[in-house]
Amino acid sequence: MAHAQTPQDLIATAAKGSTQTVDHSAWDHLLKTYVKPGAHGLNRVDYAAFKRDGHAALKAYISGLEAVDPATLDRSEQFALLANLYNAKTIDIVLDHYPVKSIKDISLGGDLLSVFTGGPWKAKVLKIKGVDLSLNDIEHGMLRPVFKDPRVHYAVNCASVGCPNIGTEAFTGAKLDAQLDAAARAYINSPRGADAKPDGLVVSSIYDWYQKDFGGSEEGVIGHLKGYADPALAQKLAGTTSIADYAYDWSLNDVER
């Protein structure tokens, strides 16, 4: 059988009814060890300790995921595989270059634009079934178009303060739906996701960059936020019909020292 030619080909089909699972226990252990929940609902990563004591285990885990054929998995297992792989590789790249102040300071190439915008997202840094993959391939070439679920944005972490949290547990197919809902609620009810200020609603730039994934309009974004808002935020959003501003913090989500 010929190798798949595009990232999306890797998950063009799913093994419906498959009972095959991927072992994410090594990643789960690393997350529980080095991710530190902190103030304002923000999970930070102890990158210094991770680099010193956990980096080899992380690289071994990533290599194991690269050996998995996604076509043998059902859809939820595919999602968990890709989200965990994205997050693990992102941390691996940060650790390779640590200390850094922002992931945008890390440029691995990929195209001419990357030289100016920074960040490692366009570089081919992974390989599955002979297909070279970038982080962008996983997020924008596989997860978003195939799953068509706005909660993709709460699953992938870009190692930045402004991003939805890196979790304290690995995604698994069995728990995926509950994990994605929890991730959405955690972000939306933090000031990084939605901050209903007296002079207007300020939301994450994610809702600007990917507005089409959240209903295609400000009204759609607000409706999405209401779907996950806790009572306090829901009350503030009740009369809100527009977004005043967007904000994002690209600072590395490192533990504060």
# chains A, B, ... in the order shown; residues from 1 in each chain; ligands from 1
$ select_by_dssp --residues "segment 4-250 of chain A" --states "alpha helix (DSSP H)" --output "ChimeraX atom specification"
/A:25-34,47-53,55-66,75-97,112-117,135-136,152-155,176-188,206-209,218-228,231-237
$ residues_around --residues "segment 18-23 of chain A" --least-positions-apart "2" --cutoff "9 Å" --atoms "only C-alpha atoms" --output "PyMOL selection string"
chain A and resi 14-16+25-27+65+68+72-74+77+80-81+172-173
$ residues_around --residues "Thr6 of chain A" --least-positions-apart "4" --cutoff "12 Å" --atoms "only C-alpha atoms" --output "ChimeraX atom specification"
/A:2,10-12,127-134,137-138,141-142
$ closest_residue --among "A:Leu143, A:Glu66, A:Asn165, A:Val35" --to "Gln78 of chain A" --atoms "only C-alpha atoms"
A:Leu143
$ residues_around --residues "Asp96 of chain A" --least-positions-apart "3" --cutoff "9 Å" --atoms "only C-alpha atoms" --output "list of chain:residue names"
A:Lys51, A:His55, A:Ile91, A:Asp92, A:Ile93, A:Pro99
$ atom_distance --atom1 "atom CA of Asp69 of chain A" --atom2 "atom CA of Phe50 of chain A"
28.1 Å
$ atom_distance --atom1 "atom CA of Gly227 of chain A" --atom2 "atom CA of Ser204 of chain A"
16.2 Å
$ residues_around --residues "segment 247-252 of chain A" --least-positions-apart "5" --cutoff "7 Å" --atoms "only C-alpha atoms" --output "ChimeraX atom specification"
/A:101-103,159-162,202-205
$ closest_residue --among "A:Leu31, A:Cys158, A:Leu201, A:Ile166" --to "Val221 of chain A" --atoms "only C-alpha atoms"
A:Leu201
$ select_by_dssp --residues "segment 7-253 of chain A" --states "strand (DSSP E or B)" --output "ChimeraX atom specification"
/A:35-37,43-45,102,124-128,131-134,160,194-197,200-204,245-247,251-252
$ closest_residue --among "A:Ala178, A:Ala244, A:Ala71, A:Ala186" --to "Leu225 of chain A" --atoms "only C-alpha atoms"
A:Ala186
$ residues_around --residues "Thr168 of chain A" --least-positions-apart "2" --cutoff "12 Å" --atoms "only C-alpha atoms" --output "list in words"
Trp27, Asp28, His29, Leu30, Leu31, Lys32, Thr33, Tyr34, Val35, Lys36, Pro37, Gly38, Leu42, Asn43, Arg44, Val45, Asn84, Asn87, Ala155, Asn165, Ile166, Ala170, Phe171, Gln179, Ala182 and Ala183 of chain A
$ closest_residue --among "A:Arg144, A:Lys122, A:His97, A:Lys104" --to "Gln8 of chain A" --atoms "only C-alpha atoms"
A:Arg144
$ decode --residues "segment 6-37 of chain A" --atoms "N, CA and C atoms" --output "compact mmCIF listing (two decimals), in the first residue's frame"
# COMPACT_ATOMS: atom_id res chain seq x y z
N THR A 6 -0.88 13.26 1.81
CA THR A 6 -1.15 14.50 2.54
C THR A 6 -1.46 14.17 4.00
N PRO A 7 -1.28 15.16 4.89
CA PRO A 7 -1.63 14.92 6.30
C PRO A 7 -3.06 14.43 6.47
N GLN A 8 -4.00 15.03 5.74
CA GLN A 8 -5.40 14.66 5.91
C GLN A 8 -5.66 13.22 5.47
N ASP A 9 -4.86 12.72 4.52
CA ASP A 9 -5.01 11.33 4.08
C ASP A 9 -4.83 10.35 5.24
N LEU A 10 -4.01 10.74 6.22
CA LEU A 10 -3.71 9.85 7.34
C LEU A 10 -4.96 9.53 8.16
N ILE A 11 -5.90 10.47 8.18
CA ILE A 11 -7.13 10.24 8.95
C ILE A 11 -8.36 10.40 8.07
N ALA A 12 -8.18 10.14 6.76
CA ALA A 12 -9.32 10.21 5.84
C ALA A 12 -10.38 9.20 6.24
N THR A 13 -9.93 8.09 6.79
CA THR A 13 -10.87 7.09 7.30
C THR A 13 -10.54 6.78 8.75
N ALA A 14 -11.54 6.30 9.45
CA ALA A 14 -11.36 5.85 10.84
C ALA A 14 -11.86 4.42 10.93
N ALA A 15 -11.28 3.68 11.83
CA ALA A 15 -11.70 2.28 12.02
C ALA A 15 -12.90 2.25 12.95
N LYS A 16 -14.07 2.45 12.38
CA LYS A 16 -15.29 2.52 13.18
C LYS A 16 -15.48 1.21 13.96
N GLY A 17 -15.70 1.35 15.25
CA GLY A 17 -15.89 0.18 16.09
C GLY A 17 -14.60 -0.44 16.58
N SER A 18 -13.47 0.15 16.16
CA SER A 18 -12.17 -0.38 16.61
C SER A 18 -12.03 -0.26 18.12
N THR A 19 -11.46 -1.27 18.73
CA THR A 19 -11.20 -1.23 20.17
C THR A 19 -9.73 -0.93 20.46
N GLN A 20 -8.98 -0.65 19.39
CA GLN A 20 -7.56 -0.35 19.59
C GLN A 20 -7.40 1.01 20.27
N THR A 21 -6.55 1.04 21.26
CA THR A 21 -6.27 2.30 21.97
C THR A 21 -4.77 2.57 21.94
N VAL A 22 -4.42 3.83 22.15
CA VAL A 22 -3.02 4.24 22.22
C VAL A 22 -2.67 4.49 23.68
N ASP A 23 -1.52 4.02 24.09
CA ASP A 23 -1.08 4.18 25.47
C ASP A 23 -0.48 5.58 25.66
N HIS A 24 -1.21 6.42 26.37
CA HIS A 24 -0.74 7.78 26.65
C HIS A 24 -0.29 7.94 28.11
N SER A 25 -0.03 6.83 28.78
CA SER A 25 0.29 6.89 30.21
C SER A 25 1.59 7.64 30.48
N ALA A 26 2.57 7.53 29.57
CA ALA A 26 3.84 8.25 29.78
C ALA A 26 3.61 9.76 29.73
N TRP A 27 2.81 10.20 28.78
CA TRP A 27 2.47 11.62 28.66
C TRP A 27 1.65 12.08 29.86
N ASP A 28 0.72 11.26 30.28
CA ASP A 28 -0.10 11.58 31.44
C ASP A 28 0.79 11.81 32.67
N HIS A 29 1.77 10.94 32.86
CA HIS A 29 2.70 11.07 33.99
C HIS A 29 3.52 12.36 33.89
N LEU A 30 3.99 12.68 32.68
CA LEU A 30 4.78 13.90 32.50
C LEU A 30 3.95 15.15 32.78
N LEU A 31 2.71 15.14 32.31
CA LEU A 31 1.84 16.29 32.56
C LEU A 31 1.57 16.47 34.05
N LYS A 32 1.29 15.37 34.73
CA LYS A 32 1.01 15.45 36.17
C LYS A 32 2.25 15.90 36.96
N THR A 33 3.42 15.62 36.41
CA THR A 33 4.66 15.97 37.10
C THR A 33 5.05 17.42 36.88
N TYR A 34 4.90 17.92 35.64
CA TYR A 34 5.50 19.21 35.30
C TYR A 34 4.51 20.34 35.02
N VAL A 35 3.22 20.05 34.92
CA VAL A 35 2.22 21.10 34.74
C VAL A 35 1.69 21.53 36.10
N LYS A 36 1.75 22.83 36.36
CA LYS A 36 1.41 23.37 37.68
C LYS A 36 0.23 24.34 37.58
N PRO A 37 -0.97 23.91 38.00
CA PRO A 37 -2.11 24.84 38.03
C PRO A 37 -1.81 26.04 38.91
